Amino acid sequence: MKSNTFKIIAFFFVMLASAPMFAHALWIETKATGTKGKAQEISIYFGEFSDNDITKADKWFSDLKNFSLVVVSPSKKETKLTTKALDNKYQAFFTPTEDGVYTIVMQHTVGDVYGTMKLDYNSSATVVVGNKNAGNSITANSNKIAVFSENADVAKKDAKVTGVASYDGAIAKEAKIKVIAPNGWEKELWTNDKGEFSFTPIWSGNYMVEYAHTDKASGEHNGKKYDEIWKMATYQIAVK
């Protein structure tokens, strides 16, 4: 009896220890518009967006700080960005030289296996410079999992916002999407057969769109076995 009780207690401790990790996400914040010749600031945060709980940069778990950050120009030129750790985020800059939409792409596969899962964090952001004649597509994002809105730069309160999700190079049909409002309110949506989703923001401020997918795949990662691959994509929309 004592043995069973101990196992139950141990199970709950494991669940409590792992819960914050899966509640947390990496995300990019930057202004939705930019100017040619002027440096554009990019911030990368890790934490729980809905609770405004941001983890200090020196407290990020495992090797999460070794994420890759690339900016894709409207003409599809890719530039790897160098980041700097600040108090509660990592910071980078790039200077636009073309008109069109720039796509910032972040990706990191965590070095440690947690439980039986390999974790893959992804985030993206788009910056409109001058016009949206080039680069305004989810296909500019090289990540395996992504979300995107072609009109994120003009999102307004009480006006419908539309977006699209992709997975492994194809549109993500009937995929569950989570939208988190600035005050922590959350809503789950499902994409249609074109990978599209929509919502109408009723508050101004920063909204986070999240798309998570779990593959039932087994293998070995850095000497540890896993049975699943958990992937998360985030995309922020600033609503005026």
# chains A, B, ... in the order shown; residues from 1 in each chain; ligands from 1
>>> residues_around(residues="Glu210 of chain A", least_positions_apart="4", cutoff="8 Å", atoms="only C-alpha atoms", output="ChimeraX atom specification")
/A:147,177-179,232-235
>>> atom_distance(atom1="atom CA of Phe67 of chain A", atom2="atom CA of Ala140 of chain A")
18.8 Å
>>> closest_residue(among="A:Ile202, A:Met208, A:Ala165, A:Thr126", to="Trp190 of chain A", atoms="only C-alpha atoms")
A:Ala165
>>> residues_around(residues="Asn192 of chain A", least_positions_apart="3", cutoff="12 Å", atoms="only C-alpha atoms", output="list in words")
Thr162, Gly163, Val164, Ala165, Ser166, Ile171, Ala172, Lys173, Glu174, Ala175, Lys176, Ile177, Leu189, Gly195, Glu196, Phe197 and Ser198 of chain A
>>> residues_around(residues="Ser62 of chain A", least_positions_apart="2", cutoff="12 Å", atoms="only C-alpha atoms", output="VMD selection string")
chain A and resid 21 58 to 60 64 to 67 108 to 114 119
>>> write_last_selection(atoms="C-alpha atoms", output="compact mmCIF listing (two decimals), in the first residue's frame")
# COMPACT_ATOMS: atom_id res chain seq x y z
CA MET A 21 7.74 23.74 -19.28
CA ASP A 58 20.03 33.61 -17.57
CA LYS A 59 17.36 31.16 -16.33
CA TRP A 60 16.33 29.63 -19.66
CA LEU A 64 17.41 27.00 -25.19
CA LYS A 65 19.60 30.10 -25.50
CA ASN A 66 21.32 28.51 -28.53
CA PHE A 67 18.33 29.17 -30.79
CA HIS A 108 15.52 25.52 -31.64
CA THR A 109 15.41 21.82 -30.87
CA VAL A 110 16.12 21.46 -27.15
CA GLY A 111 19.24 19.44 -26.37
CA ASP A 112 17.68 17.52 -23.49
CA VAL A 113 14.88 15.00 -23.83
CA TYR A 114 12.13 15.67 -21.30
CA LEU A 119 10.99 19.53 -27.87
>>> closest_residue(among="A:Lys240, A:Thr95, A:Ile104, A:Lys80", to="Ala159 of chain A", atoms="only C-alpha atoms")
A:Lys240
